[in-house]
$ cat start.pdb   # PDB, C-alpha atoms
MODEL        1
ATOM      1  CA  MET A 828     100.603 369.488 -23.006
ATOM      2  CA  THR A 829     103.996 370.646 -24.166
ATOM      3  CA  THR A 830     106.824 368.463 -22.903
ATOM      4  CA  ALA A 831     110.563 368.371 -23.276
ATOM      5  CA  ALA A 832     110.410 365.086 -25.161
ATOM      6  CA  ASN A 833     111.610 366.717 -28.359
ATOM      7  CA  ALA A 834     114.465 368.651 -26.751
ATOM      8  CA  ALA A 835     117.907 368.351 -28.312
ATOM      9  CA  VAL A 836     119.642 365.210 -27.075
ATOM     10  CA  THR A 837     123.305 365.739 -26.319
ATOM     11  CA  HIS A 838     124.280 362.751 -24.161
ATOM     12  CA  ARG A 839     121.999 359.887 -25.297
ATOM     13  CA  THR A 840     123.824 356.570 -25.150
ATOM     14  CA  VAL A 841     122.921 353.232 -26.715
ATOM     15  CA  GLY A 842     122.584 349.933 -24.899
ATOM     16  CA  THR A 843     120.789 348.186 -22.063
ATOM     17  CA  ALA A 844     120.634 349.512 -18.511
ATOM     18  CA  ALA A 845     118.535 346.718 -16.975
ATOM     19  CA  ARG A 846     117.037 343.441 -18.116
ATOM     20  CA  ALA A 847     114.364 341.113 -16.755
ATOM     21  CA  GLN A 848     114.116 337.559 -18.052
ATOM     22  CA  ALA A 849     111.079 335.366 -17.304
ATOM     23  CA  VAL A 850     110.523 337.228 -14.029
ATOM     24  CA  THR A 851     107.721 335.859 -11.886
ATOM     25  CA  LYS A 852     106.597 337.184  -8.513
ATOM     26  CA  ARG A 853     104.103 335.276  -6.380
ATOM     27  CA  TYR A 854     102.652 336.188  -3.025
ATOM     28  CA  GLY A 855     101.416 333.292  -0.912
ATOM     29  CA  GLN A 856     101.338 329.610  -1.765
ATOM     30  CA  GLY A 857      99.015 326.977  -3.151
ATOM     31  CA  GLU A 858      95.499 327.845  -4.266
ATOM     32  CA  THR A 859      95.592 331.210  -2.506
ATOM     33  CA  ALA A 860      98.787 332.366  -4.258
ATOM     34  CA  VAL A 861      98.597 335.678  -6.113
ATOM     35  CA  VAL A 862     100.768 336.065  -9.227
ATOM     36  CA  ALA A 863     101.871 339.699  -9.359
ATOM     37  CA  LEU A 864     104.310 339.185 -12.273
ATOM     38  CA  ASP A 865     103.904 336.413 -14.821
ATOM     39  CA  ARG A 866     107.158 335.564 -16.675
ATOM     40  CA  VAL A 867     107.950 339.151 -17.670
ATOM     41  CA  ASP A 868     110.705 339.778 -20.220
ATOM     42  CA  VAL A 869     111.847 343.374 -20.765
ATOM     43  CA  ASP A 870     114.948 345.422 -21.532
ATOM     44  CA  ILE A 871     115.295 348.947 -20.148
ATOM     45  CA  GLU A 872     117.279 351.068 -22.600
ATOM     46  CA  ARG A 873     120.170 353.196 -21.385
ATOM     47  CA  GLY A 874     119.853 356.966 -21.600
ATOM     48  CA  ARG A 875     116.078 356.871 -22.024
ATOM     49  CA  PHE A 876     113.009 357.719 -19.961
ATOM     50  CA  THR A 877     110.681 354.723 -19.517
ATOM     51  CA  ALA A 878     107.254 354.930 -17.879
ATOM     52  CA  ILE A 879     105.396 351.908 -16.497
ATOM     53  CA  MET A 880     101.603 352.066 -16.373
ATOM     54  CA  GLY A 881      98.647 349.821 -15.751
ATOM     55  CA  PRO A 882      95.475 349.459 -13.687
ATOM     56  CA  SER A 883      95.610 348.969  -9.942
ATOM     57  CA  GLY A 884      96.962 345.500  -9.199
ATOM     58  CA  SER A 885      98.524 345.109 -12.656
ATOM     59  CA  GLY A 886     102.027 344.546 -11.254
ATOM     60  CA  LYS A 887     103.598 347.855 -12.305
ATOM     61  CA  SER A 888     105.030 348.756  -8.888
ATOM     62  CA  THR A 889     106.086 345.161  -8.291
ATOM     63  CA  LEU A 890     108.014 345.165 -11.561
ATOM     64  CA  MET A 891     109.828 348.368 -10.640
ATOM     65  CA  HIS A 892     110.651 347.091  -7.143
ATOM     66  CA  CYS A 893     112.057 343.858  -8.577
ATOM     67  CA  LEU A 894     114.103 345.684 -11.225
ATOM     68  CA  ALA A 895     115.506 347.943  -8.509
ATOM     69  CA  GLY A 896     116.418 345.083  -6.185
ATOM     70  CA  LEU A 897     113.901 346.209  -3.552
ATOM     71  CA  ASP A 898     111.861 343.022  -3.807
ATOM     72  CA  ALA A 899     113.005 339.447  -4.472
ATOM     73  CA  VAL A 900     111.617 337.549  -7.460
ATOM     74  CA  SER A 901     110.002 334.127  -7.193
ATOM     75  CA  ALA A 902     111.592 332.999 -10.469
ATOM     76  CA  GLY A 903     113.555 334.482 -13.329
ATOM     77  CA  LYS A 904     116.610 336.731 -13.534
ATOM     78  CA  ILE A 905     117.351 340.470 -13.415
ATOM     79  CA  TRP A 906     120.540 342.230 -14.458
ATOM     80  CA  ILE A 907     121.816 345.792 -14.050
ATOM     81  CA  TYR A 908     124.348 346.843 -16.701
ATOM     82  CA  GLY A 909     127.259 349.194 -16.085
ATOM     83  CA  ARG A 910     128.157 351.936 -18.527
ATOM     84  CA  ASP A 911     130.941 349.610 -19.685
ATOM     85  CA  GLY A 912     128.312 347.032 -20.655
ATOM     86  CA  VAL A 913     129.230 344.585 -17.875
ATOM     87  CA  ALA A 914     126.161 342.923 -16.349
ATOM     88  CA  SER A 915     125.540 342.325 -12.632
ATOM     89  CA  GLU A 916     122.831 339.777 -11.832
ATOM     90  CA  LEU A 917     120.724 341.085  -8.953
ATOM     91  CA  THR A 918     118.920 337.782  -8.537
ATOM     92  CA  ALA A 919     122.192 335.964  -7.775
ATOM     93  CA  MET A 920     123.411 338.424  -5.130
ATOM     94  CA  LYS A 921     123.510 337.980  -1.376
ATOM     95  CA  ASP A 922     121.914 340.642   0.816
ATOM     96  CA  LYS A 923     125.106 342.614   1.455
ATOM     97  CA  GLU A 924     126.059 342.649  -2.228
ATOM     98  CA  LEU A 925     122.580 343.813  -3.152
ATOM     99  CA  THR A 926     122.642 346.549  -0.508
ATOM    100  CA  ASN A 927     125.952 347.842  -1.842
ATOM    101  CA  LEU A 928     124.693 347.775  -5.430
ATOM    102  CA  ARG A 929     121.536 349.717  -4.545
ATOM    103  CA  ARG A 930     123.615 352.259  -2.624
ATOM    104  CA  ASP A 931     126.291 352.769  -5.265
ATOM    105  CA  ARG A 932     124.626 352.148  -8.631
ATOM    106  CA  ILE A 933     120.875 352.719  -8.321
ATOM    107  CA  GLY A 934     119.002 355.935  -7.526
ATOM    108  CA  PHE A 935     115.501 356.179  -6.051
ATOM    109  CA  ILE A 936     112.814 358.872  -6.069
ATOM    110  CA  PHE A 937     109.695 358.153  -4.053
ATOM    111  CA  GLN A 938     106.296 359.795  -3.747
ATOM    112  CA  SER A 939     107.216 360.895  -0.234
ATOM    113  CA  PHE A 940     110.331 363.021  -0.443
ATOM    114  CA  ASN A 941     112.226 361.266   2.392
ATOM    115  CA  LEU A 942     114.314 364.324   3.257
ATOM    116  CA  LEU A 943     115.865 364.749   6.707
ATOM    117  CA  PRO A 944     114.262 367.833   8.284
ATOM    118  CA  THR A 945     117.396 368.843  10.221
ATOM    119  CA  LEU A 946     119.575 369.032   7.086
ATOM    120  CA  ASN A 947     119.501 371.733   4.446
ATOM    121  CA  ALA A 948     118.997 370.998   0.759
ATOM    122  CA  ALA A 949     122.700 370.666  -0.027
ATOM    123  CA  GLU A 950     123.257 368.283   2.898
ATOM    124  CA  ASN A 951     120.251 366.153   1.904
ATOM    125  CA  ILE A 952     121.576 365.889  -1.657
ATOM    126  CA  THR A 953     124.971 364.542  -0.598
ATOM    127  CA  LEU A 954     123.724 362.458   2.366
ATOM    128  CA  PRO A 955     123.871 359.015   0.650
ATOM    129  CA  MET A 956     127.455 359.655  -0.462
ATOM    130  CA  ASP A 957     128.390 360.970   2.989
ATOM    131  CA  ILE A 958     127.027 357.774   4.576
ATOM    132  CA  ALA A 959     128.955 355.651   2.056
ATOM    133  CA  GLY A 960     132.151 357.628   2.678
ATOM    134  CA  ARG A 961     132.302 358.794  -0.938
ATOM    135  CA  LYS A 962     133.394 362.266  -1.938
ATOM    136  CA  PRO A 963     131.019 363.960  -4.393
ATOM    137  CA  ASN A 964     132.270 364.852  -7.846
ATOM    138  CA  LYS A 965     131.970 368.644  -7.529
ATOM    139  CA  ALA A 966     131.690 369.330 -11.255
ATOM    140  CA  TRP A 967     128.915 366.740 -11.628
ATOM    141  CA  LEU A 968     127.159 367.902  -8.472
ATOM    142  CA  ASP A 969     127.176 371.520  -9.658
ATOM    143  CA  ARG A 970     125.761 370.407 -12.992
ATOM    144  CA  VAL A 971     122.986 368.397 -11.334
ATOM    145  CA  ILE A 972     122.039 371.281  -9.060
ATOM    146  CA  GLY A 973     121.981 373.594 -12.050
ATOM    147  CA  THR A 974     119.835 371.168 -14.052
ATOM    148  CA  VAL A 975     117.147 371.015 -11.347
ATOM    149  CA  GLY A 976     117.388 374.740 -10.591
ATOM    150  CA  LEU A 977     118.231 374.549  -6.896
ATOM    151  CA  GLU A 978     121.103 377.049  -6.626
ATOM    152  CA  PRO A 979     119.098 379.662  -4.653
ATOM    153  CA  ARG A 980     117.706 377.085  -2.189
ATOM    154  CA  LEU A 981     120.732 375.022  -1.123
ATOM    155  CA  LYS A 982     120.863 376.456   2.403
ATOM    156  CA  HIS A 983     117.140 376.015   3.042
ATOM    157  CA  ARG A 984     115.771 373.174   5.153
ATOM    158  CA  PRO A 985     112.821 371.089   3.867
ATOM    159  CA  SER A 986     110.320 373.051   5.979
ATOM    160  CA  GLU A 987     111.384 376.174   4.093
ATOM    161  CA  LEU A 988     110.808 374.620   0.678
ATOM    162  CA  SER A 989     107.647 374.013  -1.334
ATOM    163  CA  GLY A 990     106.594 370.473  -2.227
ATOM    164  CA  GLY A 991     107.976 370.872  -5.728
ATOM    165  CA  GLN A 992     111.280 372.189  -4.401
ATOM    166  CA  GLN A 993     111.539 369.291  -1.936
ATOM    167  CA  GLN A 994     111.004 366.791  -4.746
ATOM    168  CA  ARG A 995     113.667 368.581  -6.789
ATOM    169  CA  VAL A 996     116.048 368.005  -3.866
ATOM    170  CA  ALA A 997     115.082 364.320  -3.954
ATOM    171  CA  VAL A 998     115.750 364.252  -7.718
ATOM    172  CA  ALA A 999     119.155 365.889  -7.236
ATOM    173  CA  ARG A1000     119.976 363.421  -4.439
ATOM    174  CA  ALA A1001     119.187 360.515  -6.776
ATOM    175  CA  LEU A1002     121.324 362.014  -9.568
ATOM    176  CA  ALA A1003     124.254 363.171  -7.453
ATOM    177  CA  GLY A1004     125.882 359.762  -7.074
ATOM    178  CA  GLN A1005     125.884 359.174 -10.849
ATOM    179  CA  PRO A1006     123.848 355.934 -10.649
ATOM    180  CA  GLU A1007     123.490 353.548 -13.561
ATOM    181  CA  ILE A1008     119.712 353.895 -13.392
ATOM    182  CA  ILE A1009     117.098 355.818 -11.365
ATOM    183  CA  PHE A1010     113.686 354.442 -10.405
ATOM    184  CA  GLY A1011     110.756 356.684  -9.476
ATOM    185  CA  ASP A1012     107.560 355.404  -7.828
ATOM    186  CA  GLU A1013     104.838 357.992  -8.543
ATOM    187  CA  PRO A1014     107.419 360.783  -8.042
ATOM    188  CA  THR A1015     104.864 363.555  -8.621
ATOM    189  CA  GLY A1016     101.972 361.867  -6.806
ATOM    190  CA  ASN A1017     102.039 364.298  -3.859
ATOM    191  CA  LEU A1018     102.464 367.435  -5.963
ATOM    192  CA  ASP A1019     100.015 369.830  -7.549
ATOM    193  CA  SER A1020      99.898 369.880 -11.347
ATOM    194  CA  ARG A1021     102.252 372.859 -11.733
ATOM    195  CA  SER A1022     104.899 371.486  -9.354
ATOM    196  CA  GLY A1023     104.526 368.043 -10.892
ATOM    197  CA  ALA A1024     105.131 369.421 -14.380
ATOM    198  CA  GLU A1025     108.253 371.231 -13.153
ATOM    199  CA  VAL A1026     109.703 368.052 -11.619
ATOM    200  CA  LEU A1027     108.885 365.995 -14.721
ATOM    201  CA  GLY A1028     110.601 368.640 -16.824
ATOM    202  CA  PHE A1029     113.727 368.324 -14.686
ATOM    203  CA  LEU A1030     113.626 364.537 -15.023
ATOM    204  CA  ARG A1031     113.311 364.912 -18.785
ATOM    205  CA  ARG A1032     116.315 367.239 -18.809
ATOM    206  CA  SER A1033     118.340 364.779 -16.733
ATOM    207  CA  VAL A1034     117.846 362.220 -19.499
ATOM    208  CA  ASP A1035     118.438 364.578 -22.423
ATOM    209  CA  GLU A1036     121.276 366.654 -20.977
ATOM    210  CA  LEU A1037     122.939 364.357 -18.425
ATOM    211  CA  GLY A1038     122.440 361.015 -20.171
ATOM    212  CA  GLN A1039     120.571 359.542 -17.201
ATOM    213  CA  THR A1040     118.400 356.422 -17.417
ATOM    214  CA  PHE A1041     115.063 356.858 -15.661
ATOM    215  CA  VAL A1042     112.214 354.417 -14.999
ATOM    216  CA  MET A1043     108.975 355.785 -13.532
ATOM    217  CA  VAL A1044     105.777 354.132 -12.345
ATOM    218  CA  THR A1045     102.807 356.434 -12.832
ATOM    219  CA  HIS A1046      99.031 356.377 -13.255
ATOM    220  CA  ASP A1047      98.981 359.815 -14.924
ATOM    221  CA  PRO A1048      98.891 359.963 -18.760
ATOM    222  CA  SER A1049     100.258 363.519 -18.712
ATOM    223  CA  ALA A1050     103.266 362.361 -16.682
ATOM    224  CA  ALA A1051     103.824 359.385 -18.985
ATOM    225  CA  ALA A1052     103.930 361.775 -21.955
ATOM    226  CA  TYR A1053     107.326 363.015 -20.753
ATOM    227  CA  ALA A1054     108.773 359.546 -21.366
ATOM    228  CA  ASP A1055     110.366 358.074 -24.494
ATOM    229  CA  ARG A1056     108.527 354.810 -23.982
ATOM    230  CA  VAL A1057     105.555 353.504 -21.973
ATOM    231  CA  LEU A1058     105.194 349.878 -20.873
ATOM    232  CA  PHE A1059     101.611 348.829 -20.063
ATOM    233  CA  LEU A1060     100.994 345.996 -17.612
ATOM    234  CA  ALA A1061      97.851 343.987 -16.937
ATOM    235  CA  ASP A1062      97.489 340.762 -14.973
ATOM    236  CA  GLY A1063     101.221 340.730 -14.274
ATOM    237  CA  ARG A1064     102.225 340.798 -17.942
ATOM    238  CA  ILE A1065     103.429 343.469 -20.370
ATOM    239  CA  VAL A1066     100.557 343.900 -22.824
ATOM    240  CA  ASP A1067     101.795 346.904 -24.800
ATOM    241  CA  ASP A1068     104.961 348.894 -25.441
ATOM    242  CA  MET A1069     104.362 352.431 -26.745
ATOM    243  CA  GLY A1070     107.027 354.661 -28.229
ATOM    244  CA  ALA A1071     106.735 358.468 -28.572
ATOM    245  CA  PRO A1072     103.788 358.661 -26.162
ATOM    246  CA  THR A1073     101.399 361.580 -25.874
ATOM    247  CA  ALA A1074      98.897 362.123 -23.070
ATOM    248  CA  ASP A1075      95.997 361.409 -25.448
ATOM    249  CA  LYS A1076      97.547 358.198 -26.821
ATOM    250  CA  VAL A1077      98.282 356.933 -23.302
ATOM    251  CA  LEU A1078      94.782 357.786 -22.088
ATOM    252  CA  ASP A1079      93.223 355.989 -25.055
ATOM    253  CA  ARG A1080      95.327 352.894 -24.300
ATOM    254  CA  MET A1081      94.384 352.917 -20.619
ATOM    255  CA  ARG A1082      90.695 353.066 -21.560
ATOM    256  CA  GLN A1083      91.076 349.693 -23.265
ATOM    257  CA  PHE A1084      91.407 347.927 -19.923
ATOM    258  CA  ASP A1085      88.117 346.557 -18.637
ATOM    259  CA  ALA A1086      86.484 347.499 -15.352
ATOM    260  CA  HIS A1087      88.523 344.862 -13.518
ATOM    261  CA  GLY A1088      91.852 346.080 -14.925
ATOM    262  CA  HIS A1089      92.219 343.206 -17.411
ATOM    263  CA  ALA A1090      93.471 343.667 -20.959
ATOM    264  CA  ALA A1091      91.232 342.853 -23.888
ATOM    265  CA  HIS A1092      92.144 339.544 -25.549
ATOM    266  CA  ASP A1093      93.475 341.112 -28.741
ATOM    267  CA  GLN A1094      95.591 343.557 -26.745
ATOM    268  CA  SER A1095      97.148 340.722 -24.754
ATOM    269  CA  LEU A1096      98.115 339.033 -28.005
ATOM    270  CA  ARG A1097      99.646 342.242 -29.278
ATOM    271  CA  GLY A1098     101.528 342.603 -26.010
ATOM    272  CA  ASP A1099     102.997 339.130 -26.385
ATOM    273  CA  ALA A1100     104.739 340.280 -29.522
ATOM    274  CA  HIS A1101     106.403 343.095 -27.607
ATOM    275  CA  GLN A1102     107.879 340.833 -24.960
ATOM    276  CA  ARG A1103     111.404 339.780 -25.816
TER     277      ARG A1103
ENDMDL
END
$ encode --input "start.pdb" --output "structure tokens"
Amino acid sequence: MTTAANAAVTHRTVGTAARAQAVTKRYGQGETAVVALDRVDVDIERGRFTAIMGPSGSGKSTLMHCLAGLDAVSAGKIWIYGRDGVASELTAMKDKELTNLRRDRIGFIFQSFNLLPTLNAAENITLPMDIAGRKPNKAWLDRVIGTVGLEPRLKHRPSELSGGQQQRVAVARALAGQPEIIFGDEPTGNLDSRSGAEVLGFLRRSVDELGQTFVMVTHDPSAAAYADRVLFLADGRIVDDMGAPTADKVLDRMRQFDAHGHAAHDQSLRGDAHQR
């Protein structure tokens, strides 16, 4: 598959957008407790597209939810970094502080589009800012809309848009507020292959042309190939960290998990070296 991974980069920045340190997430207590994340250490690089993959139950969605402040950790620390390099520790925030940070500095794209059916595309894009009482930056908003190719559809309601077009609205909504980082949970999971490729192309362009930082959970090797980097999880731990992924390389790596979704022993040891 041809991707935009080699497109000219005009706004790539250097630094850290998010960091997890010894993050553990347990569900339940005592002997019945389930460890979803096991002392995970990872830095998410600014201005790059990172994919998170792993077998079912590996902890990939849990990691994304914790990084995004959607789920509390059992132990460890998580920081979100501003473009000025100043860190904000999510794990030390009270509920109201965390709500404000998610609203103002983090973008979300979900498998279900979560568009309001009574609003047109333009109104759905600016809705989070309207709720927060923030005025959109018109120049940035126009650029985002142009990047995702929505100019002809701004007056259309969701029922008048295809699935791919609705997800493009969701992408534009996430980008419009100029968040520090955007998280996507299987953002093309409800789309056919053609629409999914279009949306992934727009996400790739948002990184290359707009300098956005994007983190995506996916089970699809072809989707992961749009990323700069793929983190592989198994048993709640990062077991591999692949740069310059291709669909074939990702598929080969996924085949190394056993039938129960566990990593082979030598792969776990290699993964330990990748954890920081």
$ closest_residue --input "start.pdb" --among "A:Gly960, A:Gly896, A:Gly1023, A:Gly1070" --to "Arg995 (chain A)" --atoms "only C-alpha atoms"
A:Gly1023
$ atom_distance --input "start.pdb" --atom1 "CA of Asp1055 (chain A)" --atom2 "CA of Asp1079 (chain A)"
17.3 Å
$ residues_near_point --input "start.pdb" --point "(99.9, 341.5, -13.8)" --cutoff "9 Å" --atoms "all atoms listed in the file" --output "list of chain:residue names"
A:Val862, A:Ala863, A:Leu864, A:Asp865, A:Gly881, A:Gly884, A:Ser885, A:Gly886, A:Lys887, A:Leu1060, A:Ala1061, A:Asp1062, A:Gly1063, A:Arg1064, A:Ile1065, A:His1089
$ resolve_selection --input "start.pdb" --expression "the PyMOL selection byres ((chain A and resi 901) around 7)" --output "PyMOL selection string"
chain A and resi 851-853+899-900+902
$ atom_distance --input "start.pdb" --atom1 "CA of Gly1038 (chain A)" --atom2 "CA of Val850 (chain A)"
27.3 Å
